[in-house]
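Peer 1: Input input-v1.json, format and content: JSON, C-alpha atoms (C1' of nucleotides).
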[["chain", "number", "residue", "atom", "x", "y", "z"],
["A", 284, "MET", "CA", 0.00, 0.00, 0.00],
["A", 285, "ALA", "CA", 1.33, 3.36, -0.99],
["A", 286, "TYR", "CA", 1.46, 6.18, 1.49],
["A", 287, "HIS", "CA", 1.87, 9.82, 0.79],
["A", 288, "CYS", "CA", 4.95, 10.12, 2.90],
["A", 289, "THR", "CA", 8.56, 9.60, 2.04],
["A", 290, "LYS", "CA", 9.55, 8.62, 5.57],
["A", 291, "ASP", "CA", 7.80, 5.44, 6.56],
["A", 292, "LEU", "CA", 8.32, 5.05, 10.25],
["A", 293, "LYS", "CA", 5.17, 3.16, 11.05],
["A", 294, "MET", "CA", 4.41, 1.77, 14.44],
["A", 295, "PRO", "CA", 1.50, 0.33, 16.31],
["A", 296, "VAL", "CA", -0.77, 2.99, 17.70],
["A", 297, "ASP", "CA", -1.00, 3.58, 21.41],
["A", 298, "PHE", "CA", -4.68, 3.68, 22.31],
["A", 299, "GLU", "CA", -4.08, 5.69, 25.48],
["A", 300, "LYS", "CA", -2.49, 8.44, 23.44],
["A", 301, "VAL", "CA", -5.35, 8.59, 20.99],
["A", 302, "ASN", "CA", -7.82, 8.55, 23.83],
["A", 303, "GLN", "CA", -6.02, 11.37, 25.58],
["A", 304, "LYS", "CA", -5.34, 13.64, 22.60],
["A", 305, "PHE", "CA", -8.75, 13.33, 21.08],
["A", 306, "GLY", "CA", -10.86, 14.41, 23.99],
["A", 307, "ALA", "CA", -13.07, 15.96, 21.34],
["A", 308, "ILE", "CA", -14.20, 12.46, 20.44],
["A", 309, "PRO", "CA", -16.34, 11.04, 23.24],
["A", 310, "ASP", "CA", -16.75, 7.53, 21.86],
["A", 311, "THR", "CA", -14.09, 5.27, 23.37],
["A", 312, "GLU", "CA", -15.00, 2.37, 21.14],
["A", 313, "LEU", "CA", -14.38, 4.57, 18.13],
["A", 314, "LYS", "CA", -10.99, 5.57, 19.43],
["A", 315, "LYS", "CA", -10.11, 1.92, 19.98],
["A", 316, "LYS", "CA", -11.05, 1.25, 16.42],
["A", 317, "MET", "CA", -8.98, 4.18, 15.22],
["A", 318, "SER", "CA", -5.96, 2.85, 17.10],
["A", 319, "GLU", "CA", -6.40, -0.60, 15.57],
["A", 320, "VAL", "CA", -6.95, 0.53, 12.04],
["A", 321, "GLY", "CA", -4.52, 3.43, 11.92],
["A", 322, "THR", "CA", -0.79, 3.56, 11.74],
["A", 323, "LEU", "CA", 1.49, 5.92, 13.56],
["A", 324, "GLU", "CA", 3.91, 8.01, 11.67],
["A", 325, "VAL", "CA", 6.62, 10.10, 13.26],
["A", 326, "VAL", "CA", 7.71, 13.06, 11.23],
["A", 327, "PRO", "CA", 10.92, 14.86, 12.18],
["A", 328, "ALA", "CA", 10.95, 18.64, 12.53],
["A", 329, "GLY", "CA", 11.03, 20.44, 9.22],
["A", 330, "GLU", "CA", 9.87, 17.50, 7.12],
["A", 331, "LEU", "CA", 7.16, 17.93, 4.58],
["A", 332, "ILE", "CA", 4.18, 15.80, 5.53],
["A", 333, "MET", "CA", 2.31, 16.39, 2.38],
["A", 334, "ASP", "CA", 3.29, 18.04, -0.83],
["A", 335, "ALA", "CA", 1.06, 19.74, -3.33],
["A", 336, "GLY", "CA", 0.29, 17.35, -6.10],
["A", 337, "SER", "CA", 0.55, 14.19, -4.07],
["A", 338, "TYR", "CA", -2.37, 11.83, -3.70],
["A", 339, "ILE", "CA", -3.69, 11.23, -0.25],
["A", 340, "LYS", "CA", -4.34, 7.68, 0.77],
["A", 341, "SER", "CA", -5.17, 8.25, 4.38],
["A", 342, "MET", "CA", -6.56, 10.85, 6.67],
["A", 343, "PRO", "CA", -4.02, 12.35, 9.04],
["A", 344, "LEU", "CA", -4.83, 13.15, 12.65],
["A", 345, "ILE", "CA", -2.25, 15.02, 14.68],
["A", 346, "LEU", "CA", -1.32, 13.20, 17.88],
["A", 347, "SER", "CA", 1.48, 15.50, 18.93],
["A", 348, "GLY", "CA", 3.54, 18.32, 17.52],
["A", 349, "LYS", "CA", 2.63, 21.17, 15.25],
["A", 350, "VAL", "CA", 2.07, 21.43, 11.55],
["A", 351, "LYS", "CA", 2.13, 24.39, 9.24],
["A", 352, "VAL", "CA", -0.22, 24.27, 6.30],
["A", 353, "PHE", "CA", 0.24, 26.45, 3.26],
["A", 354, "ARG", "CA", -0.95, 26.80, -0.25],
["A", 355, "GLU", "CA", 1.33, 26.90, -3.25],
["A", 356, "ASP", "CA", 0.21, 28.36, -6.54],
["A", 357, "GLU", "CA", 1.25, 27.56, -10.09],
["A", 358, "ASP", "CA", 4.18, 29.96, -9.96],
["A", 359, "GLY", "CA", 5.50, 28.42, -6.80],
["A", 360, "ASN", "CA", 4.35, 31.27, -4.61],
["A", 361, "GLU", "CA", 3.59, 30.27, -1.08],
["A", 362, "LEU", "CA", 0.75, 31.44, 1.03],
["A", 363, "PHE", "CA", 0.49, 30.66, 4.71],
["A", 364, "LEU", "CA", -2.89, 29.15, 5.63],
["A", 365, "TYR", "CA", -2.94, 27.91, 9.22],
["A", 366, "TYR", "CA", -1.32, 25.85, 11.92],
["A", 367, "LEU", "CA", -2.59, 22.47, 13.03],
["A", 368, "TYR", "CA", -2.17, 21.30, 16.58],
["A", 369, "ALA", "CA", -2.42, 18.00, 18.44],
["A", 370, "GLY", "CA", -5.96, 16.70, 18.49],
["A", 371, "GLU", "CA", -6.79, 18.29, 15.17],
["A", 372, "ALA", "CA", -7.29, 16.81, 11.76],
["A", 373, "CYS", "CA", -6.71, 18.19, 8.34],
["A", 374, "ALA", "CA", -10.12, 18.48, 6.74],
["A", 375, "VAL", "CA", -8.53, 19.38, 3.45],
["A", 376, "SER", "CA", -6.89, 15.99, 3.21],
["A", 377, "LEU", "CA", -10.15, 14.29, 4.09],
["A", 378, "ILE", "CA", -11.90, 15.93, 1.20],
["A", 379, "CYS", "CA", -8.94, 15.29, -1.07],
["A", 380, "SER", "CA", -8.87, 11.62, -0.19],
["A", 381, "PHE", "CA", -12.59, 11.24, -0.68],
["A", 382, "SER", "CA", -12.60, 12.86, -4.05],
["A", 383, "GLN", "CA", -9.37, 11.17, -5.13],
["A", 384, "LYS", "CA", -7.85, 14.53, -5.89],
["A", 385, "LYS", "CA", -4.30, 15.64, -5.57],
["A", 386, "SER", "CA", -3.45, 17.68, -2.54],
["A", 387, "GLN", "CA", -3.65, 21.40, -3.21],
["A", 388, "VAL", "CA", -1.69, 22.30, -0.12],
["A", 389, "ARG", "CA", 1.59, 21.56, 1.50],
["A", 390, "ALA", "CA", 2.05, 20.67, 5.14],
["A", 391, "GLN", "CA", 5.26, 20.86, 7.08],
["A", 392, "ALA", "CA", 6.08, 19.62, 10.58],
["A", 393, "LEU", "CA", 7.32, 22.45, 12.77],
["A", 394, "GLU", "CA", 8.65, 20.06, 15.35],
["A", 395, "GLU", "CA", 8.70, 16.30, 15.67],
["A", 396, "THR", "CA", 5.14, 15.37, 14.99],
["A", 397, "GLU", "CA", 3.22, 12.15, 15.51],
["A", 398, "ILE", "CA", 0.47, 11.49, 13.06],
["A", 399, "LEU", "CA", -2.24, 8.90, 13.16],
["A", 400, "LEU", "CA", -3.03, 7.80, 9.65],
["A", 401, "LEU", "CA", -6.44, 6.35, 8.99],
["A", 402, "PRO", "CA", -6.76, 4.58, 5.66],
["A", 403, "ILE", "CA", -9.51, 6.12, 3.58],
["A", 404, "ASP", "CA", -10.94, 2.69, 2.89],
["A", 405, "TYR", "CA", -12.19, 2.72, 6.46],
["A", 406, "MET", "CA", -13.87, 6.09, 6.21],
["A", 407, "ASP", "CA", -17.16, 4.73, 4.91],
["A", 408, "LYS", "CA", -17.28, 2.16, 7.63],
["A", 409, "LEU", "CA", -16.41, 4.57, 10.39],
["A", 410, "MET", "CA", -19.00, 6.99, 9.12],
["A", 411, "ARG", "CA", -21.71, 4.39, 9.19],
["A", 412, "GLU", "CA", -20.82, 2.66, 12.41],
["A", 413, "PHE", "CA", -19.83, 5.60, 14.55],
["A", 414, "PRO", "CA", -22.01, 8.68, 14.77],
["A", 415, "ALA", "CA", -19.26, 10.24, 16.88],
["A", 416, "TRP", "CA", -16.90, 9.95, 13.92],
["A", 417, "TYR", "CA", -19.38, 11.65, 11.66],
["A", 418, "ARG", "CA", -19.79, 14.47, 14.16],
["A", 419, "PHE", "CA", -16.03, 14.81, 14.57],
["A", 420, "VAL", "CA", -15.51, 15.06, 10.83],
["A", 421, "VAL", "CA", -18.25, 17.62, 10.40],
["A", 422, "LYS", "CA", -16.90, 19.61, 13.31],
["A", 423, "THR", "CA", -13.31, 19.70, 12.07],
["A", 424, "TYR", "CA", -14.50, 20.48, 8.60],
["A", 425, "GLY", "CA", -16.50, 23.38, 9.97],
["A", 426, "GLU", "CA", -13.53, 24.64, 11.91],
["A", 427, "ARG", "CA", -11.30, 24.55, 8.88],
["A", 428, "MET", "CA", -13.95, 26.28, 6.84],
["A", 429, "ASP", "CA", -13.91, 29.11, 9.35],
["A", 430, "GLU", "CA", -10.13, 29.27, 9.18],
["A", 431, "MET", "CA", -10.25, 29.41, 5.43],
["A", 432, "LEU", "CA", -12.85, 32.15, 5.40],
["A", 433, "GLU", "CA", -10.71, 34.10, 7.82],
["A", 434, "THR", "CA", -7.74, 33.66, 5.53],
["A", 435, "ILE", "CA", -9.77, 34.70, 2.54],
["A", 436, "ASP", "CA", -10.94, 37.95, 4.00],
["A", 437, "ASN", "CA", -7.49, 38.53, 5.40],
["A", 438, "ILE", "CA", -6.32, 38.62, 1.84],
["A", 439, "ALA", "CA", -9.29, 40.33, 0.29],
["A", 440, "PHE", "CA", -10.24, 42.93, 2.83],
["A", 441, "ARG", "CA", -7.49, 43.41, 5.32],
["A", 442, "ARG", "CA", -4.44, 45.46, 4.80],
["A", 443, "MET", "CA", -1.04, 43.90, 4.92],
["A", 444, "ASP", "CA", -0.19, 45.29, 8.35],
["A", 445, "ASP", "CA", -3.11, 43.39, 9.87],
["A", 446, "ARG", "CA", -2.12, 40.26, 8.07],
["A", 447, "LEU", "CA", 1.46, 40.59, 9.25],
["A", 448, "LEU", "CA", 0.44, 41.05, 12.87],
["A", 449, "ASP", "CA", -1.93, 38.12, 12.62],
["A", 450, "TYR", "CA", 0.82, 36.00, 11.14],
["A", 451, "LEU", "CA", 3.30, 36.99, 13.83],
["A", 452, "GLU", "CA", 0.86, 36.20, 16.60],
["A", 453, "LYS", "CA", -0.07, 32.82, 15.21],
["A", 454, "THR", "CA", 3.54, 31.93, 14.59],
["A", 455, "ALA", "CA", 4.62, 32.98, 18.06],
["A", 456, "ASP", "CA", 1.81, 30.84, 19.40],
["A", 457, "ALA", "CA", 2.86, 27.85, 17.35],
["A", 458, "LEU", "CA", 6.47, 28.18, 18.46],
["A", 459, "ASN", "CA", 5.61, 28.81, 22.10],
["A", 460, "SER", "CA", 7.92, 31.77, 21.93],
["A", 461, "ASN", "CA", 7.70, 35.50, 21.41],
["A", 462, "LYS", "CA", 10.91, 35.36, 19.47],
["A", 463, "ILE", "CA", 10.40, 34.42, 15.86],
["A", 464, "LYS", "CA", 13.54, 33.33, 14.09],
["A", 465, "GLY", "CA", 13.81, 34.03, 10.41],
["A", 466, "THR", "CA", 14.27, 36.73, 7.83],
["A", 467, "HIS", "CA", 11.90, 39.37, 6.54],
["A", 468, "GLN", "CA", 12.25, 37.71, 3.17],
["A", 469, "GLU", "CA", 10.84, 34.45, 4.49],
["A", 470, "ILE", "CA", 7.83, 36.18, 5.98],
["A", 471, "ALA", "CA", 7.29, 38.07, 2.75],
["A", 472, "TYR", "CA", 7.31, 34.76, 0.94],
["A", 473, "GLU", "CA", 4.74, 33.26, 3.29],
["A", 474, "LEU", "CA", 2.40, 36.20, 2.94],
["A", 475, "ASN", "CA", 3.11, 36.45, -0.74],
["A", 476, "THR", "CA", 4.39, 39.99, -0.69],
["A", 477, "SER", "CA", 7.75, 41.67, -1.06],
["A", 478, "ARG", "CA", 10.52, 41.88, 1.47],
["A", 479, "GLU", "CA", 10.52, 45.69, 1.47],
["A", 480, "VAL", "CA", 6.87, 45.81, 2.47],
["A", 481, "ILE", "CA", 7.49, 43.48, 5.41],
["A", 482, "SER", "CA", 10.56, 45.45, 6.48],
["A", 483, "ARG", "CA", 8.63, 48.71, 6.41],
["A", 484, "LEU", "CA", 5.63, 47.35, 8.25],
["A", 485, "LEU", "CA", 7.85, 45.77, 10.86],
["A", 486, "LYS", "CA", 9.57, 49.12, 11.30],
["A", 487, "GLN", "CA", 6.18, 50.70, 11.96],
["A", 488, "LEU", "CA", 5.31, 47.99, 14.46],
["A", 489, "GLU", "CA", 8.62, 48.59, 16.16],
["A", 490, "LYS", "CA", 7.87, 52.30, 16.44],
["A", 491, "LYS", "CA", 4.56, 51.44, 18.03],
["A", 492, "GLY", "CA", 6.51, 49.32, 20.50],
["A", 493, "MET", "CA", 4.77, 46.14, 19.51],
["A", 494, "VAL", "CA", 7.83, 44.36, 18.33],
["A", 495, "LYS", "CA", 11.57, 44.32, 18.79],
["A", 496, "LEU", "CA", 13.69, 43.85, 15.70],
["A", 497, "SER", "CA", 17.09, 42.31, 15.30],
["A", 498, "ARG", "CA", 18.80, 40.39, 12.56],
["A", 499, "ASN", "CA", 17.09, 37.10, 11.93],
["A", 500, "GLN", "CA", 14.77, 37.61, 14.83],
["A", 501, "ILE", "CA", 11.53, 39.37, 15.64],
["A", 502, "GLU", "CA", 10.42, 39.62, 19.22],
["A", 503, "LEU", "CA", 6.77, 40.20, 19.91],
["A", 504, "ILE", "CA", 6.12, 42.53, 22.82],
["A", 505, "GLN", "CA", 3.10, 41.61, 24.91],
["A", 506, "GLU", "CA", 0.54, 44.35, 25.25],
["B", 112, "DA", "C1'", 39.79, 43.02, 6.12],
["B", 113, "DC", "C1'", 36.71, 41.35, 2.84],
["B", 114, "DA", "C1'", 32.61, 39.09, 1.04],
["B", 115, "DT", "C1'", 28.07, 37.82, 1.81],
["B", 116, "DT", "C1'", 23.58, 38.32, 3.39],
["B", 117, "DA", "C1'", 19.86, 40.86, 5.91],
["B", 118, "DA", "C1'", 17.63, 45.00, 6.51],
["B", 119, "DG", "C1'", 16.53, 50.05, 5.63],
["B", 120, "DT", "C1'", 15.14, 53.77, 2.42],
["B", 121, "DG", "C1'", 13.71, 56.96, -1.36],
["B", 122, "DA", "C1'", 11.67, 57.29, -5.69],
["B", 123, "DT", "C1'", 8.38, 55.65, -9.00],
["B", 124, "DT", "C1'", 4.25, 53.39, -10.50],
["C", 97, "DA", "C1'", 1.35, 47.66, -2.11],
["C", 98, "DA", "C1'", 4.97, 46.38, -5.58],
["C", 99, "DT", "C1'", 9.35, 47.16, -7.71],
["C", 100, "DC", "C1'", 13.82, 49.15, -8.43],
["C", 101, "DA", "C1'", 17.94, 50.78, -7.18],
["C", 102, "DC", "C1'", 20.54, 51.64, -4.17],
["C", 103, "DT", "C1'", 22.71, 52.19, 1.10],
["C", 104, "DT", "C1'", 23.80, 50.53, 5.58],
["C", 105, "DA", "C1'", 24.36, 47.11, 9.08],
["C", 106, "DA", "C1'", 25.42, 42.52, 10.74],
["C", 107, "DT", "C1'", 27.75, 38.29, 10.22],
["C", 108, "DG", "C1'", 30.85, 34.71, 8.51],
["C", 109, "DT", "C1'", 35.60, 33.41, 6.69]]
Give the structure from the file, written as structure tokens.
Peer 2:
Amino acid sequence: MAYHCTKDLKMPVDFEKVNQKFGAIPDTELKKKMSEVGTLEVVPAGELIMDAGSYIKSMPLILSGKVKVFREDEDGNELFLYYLYAGEACAVSLICSFSQKKSQVRAQALEETEILLLPIDYMDKLMREFPAWYRFVVKTYGERMDEMLETIDNIAFRRMDDRLLDYLEKTADALNSNKIKGTHQEIAYELNTSREVISRLLKQLEKKGMVKLSRNQIELIQE
DNA sequence: ACATTAAGTGATT
DNA sequence: AATCACTTAATGT
């Protein structure tokens, strides 16, 4: 069976872990089933979990770690979408796997990340046998939909300075640190704008005392 | 000290 | 907000 990942470090799934991380799923029987049917994959920090254009053969559920999800357009431009945390699932991949479509997004592990992979062949069965699964899927899909809508009006209606601040806050949150390592160029790439714009906006934020700038590092100041 | 890379800036569209 | 054409500052060798 082909998996969408290059690194195949599969292990039996620890039920206790699934039970603990997915408090959002009340049905213990379902979680037992998930542990039986799924495989565990450990992705090292920085690895791509899913690349645009790859087919998805299973639905990933994050057991631990953090994942950055971003879109990539035809010209190779990146656009940051959202972060995924433990206990969450990527609704995009669910839809992709259902419709047998290639992934339209890329996902990268920010730190070592454990992923529970559920083969899509089981989706039908789980849906029918476990109402809790159905509710979980609908719920995560709804959550992602909200995220997406937020991202859309970020782009369409908000100015870049809002987007930048939003990005900085989310990134700081994902890293558990107020200090964001990286260059202005990298941020510009993620937000699909130019380095000069980011530099200027960061300068403004610094003047407002919201941020402290140094080479390769941006420190967010708490309000 | 020199080269390289990141960041800052003014002008133009 | 994007792009260009620079300058200045920080860092590595």
Peer 1: Could you tell me, as an MDAnalysis selection string, which residues have any atom at most 10 Å from (2.5, 16.2, 14.1), counting all atoms listed in the file?
Peer 2: chainID A and resid 324:328 332 343:351 367:371 391:399
Peer 1: Please compute the atom CA of Met333 of chain A-atom CA of Arg389 of chain A distance, one decimal, in Å.
Peer 2: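 So the two atoms, atom CA of Met333 of chain A and atom CA of Arg389 of chain A, lie 5.3 Å apart.
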Peer 1: Can you pull out the residues contacting segment 113-119 of chain B? Cut-off 10 Å, using all atoms listed in the file, and skip same-chain residues under 5 positions away; I want them as a PyMOL selection string.
Peer 2: (chain A and resi 466-468+478-479+482-483+486+497-499) or (chain C and resi 103-109)
Peer 1: Would you work out the distance separating atom CA of Ile339 of chain A from atom CA of Ala372 of chain A, expressed in Å to one decimal?
Peer 2: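 Taking atom CA of Ile339 of chain A and atom CA of Ala372 of chain A, their separation equals 13.7 Å.
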Peer 1: My list of candidates is A:Leu323, A:Val301, A:Gln500, A:Glu357. Which is closest to Lys464 of chain A when distances are computed with all atoms listed in the file?
Peer 2: A:Gln500
Peer 1: Pull out every residue of chain C sitting within 9 Å of chain A, counting all atoms listed in the file, and send them as a PDB file with C-alpha atoms (C1' of nucleotides), in the coordinates of the input.
Peer 2:
ATOM      1  C1'  DA C  97       1.350  47.660  -2.110  1.00  0.00           C
ATOM      2  C1'  DA C  98       4.970  46.380  -5.580  1.00  0.00           C
ATOM      3  C1'  DT C  99       9.350  47.160  -7.710  1.00  0.00           C
ATOM      4  C1'  DA C 106      25.420  42.520  10.740  1.00  0.00           C
TER       5       DA C 106
END
Peer 1: Between A:Val352, A:Leu484, A:Val421, A:Ile504, which is the closest to chain B once you count all atoms listed in the file?
Peer 2: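 Looking at the shortest contact to chain B, the residue is A:Leu484.
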Peer 1: Atom CA of Ile470 of chain A to atom CA of Cys379 of chain A: how many Å, to one decimal?
Peer 2: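 Interatomic distance here is 27.7 Å.
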Peer 1: Produce the centre coordinates and the three edge lengths, each in Å to one decimal, of the box along x, y and z that contains all listed atoms of chain B with 8 Å added on each side, as JSON.
Peer 2:
{"center_x": 22.0, "center_y": 47.6, "center_z": -2.0, "size_x": 51.5, "size_y": 35.5, "size_z": 33.0}
Peer 1: Pick out the residues sitting within 12 Å of Lys340 of chain A, and hand them over as a ChimeraX atom specification; count only C-alpha atoms (C1' of nucleotides), and ignore anything fewer than 6 positions along from it in its own chain.
Peer 2: /A:284-288,321,333,376-386,400-406
Peer 1: Hey, can you spit out that residue selection with C-alpha atoms as a PDB file, in the coordinates of the input?
Peer 2:
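See selection-v5.pdb below for the written result:
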ATOM      1  CA  MET A 284       0.000   0.000   0.000  1.00  0.00           C
ATOM      2  CA  ALA A 285       1.330   3.360  -0.990  1.00  0.00           C
ATOM      3  CA  TYR A 286       1.460   6.180   1.490  1.00  0.00           C
ATOM      4  CA  HIS A 287       1.870   9.820   0.790  1.00  0.00           C
ATOM      5  CA  CYS A 288       4.950  10.120   2.900  1.00  0.00           C
ATOM      6  CA  GLY A 321      -4.520   3.430  11.920  1.00  0.00           C
ATOM      7  CA  MET A 333       2.310  16.390   2.380  1.00  0.00           C
ATOM      8  CA  SER A 376      -6.890  15.990   3.210  1.00  0.00           C
ATOM      9  CA  LEU A 377     -10.150  14.290   4.090  1.00  0.00           C
ATOM     10  CA  ILE A 378     -11.900  15.930   1.200  1.00  0.00           C
ATOM     11  CA  CYS A 379      -8.940  15.290  -1.070  1.00  0.00           C
ATOM     12  CA  SER A 380      -8.870  11.620  -0.190  1.00  0.00           C
ATOM     13  CA  PHE A 381     -12.590  11.240  -0.680  1.00  0.00           C
ATOM     14  CA  SER A 382     -12.600  12.860  -4.050  1.00  0.00           C
ATOM     15  CA  GLN A 383      -9.370  11.170  -5.130  1.00  0.00           C
ATOM     16  CA  LYS A 384      -7.850  14.530  -5.890  1.00  0.00           C
ATOM     17  CA  LYS A 385      -4.300  15.640  -5.570  1.00  0.00           C
ATOM     18  CA  SER A 386      -3.450  17.680  -2.540  1.00  0.00           C
ATOM     19  CA  LEU A 400      -3.030   7.800   9.650  1.00  0.00           C
ATOM     20  CA  LEU A 401      -6.440   6.350   8.990  1.00  0.00           C
ATOM     21  CA  PRO A 402      -6.760   4.580   5.660  1.00  0.00           C
ATOM     22  CA  ILE A 403      -9.510   6.120   3.580  1.00  0.00           C
ATOM     23  CA  ASP A 404     -10.940   2.690   2.890  1.00  0.00           C
ATOM     24  CA  TYR A 405     -12.190   2.720   6.460  1.00  0.00           C
ATOM     25  CA  MET A 406     -13.870   6.090   6.210  1.00  0.00           C
TER      26      MET A 406
END
Peer 1: Out of A:Leu474, A:Ile308, A:Gly465, A:Leu364, which residue has the shortest atom-to-atom distance to chain B when counting only C-alpha atoms (C1' of nucleotides)?
Peer 2: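 Smallest separation from chain B among the options: A:Gly465.
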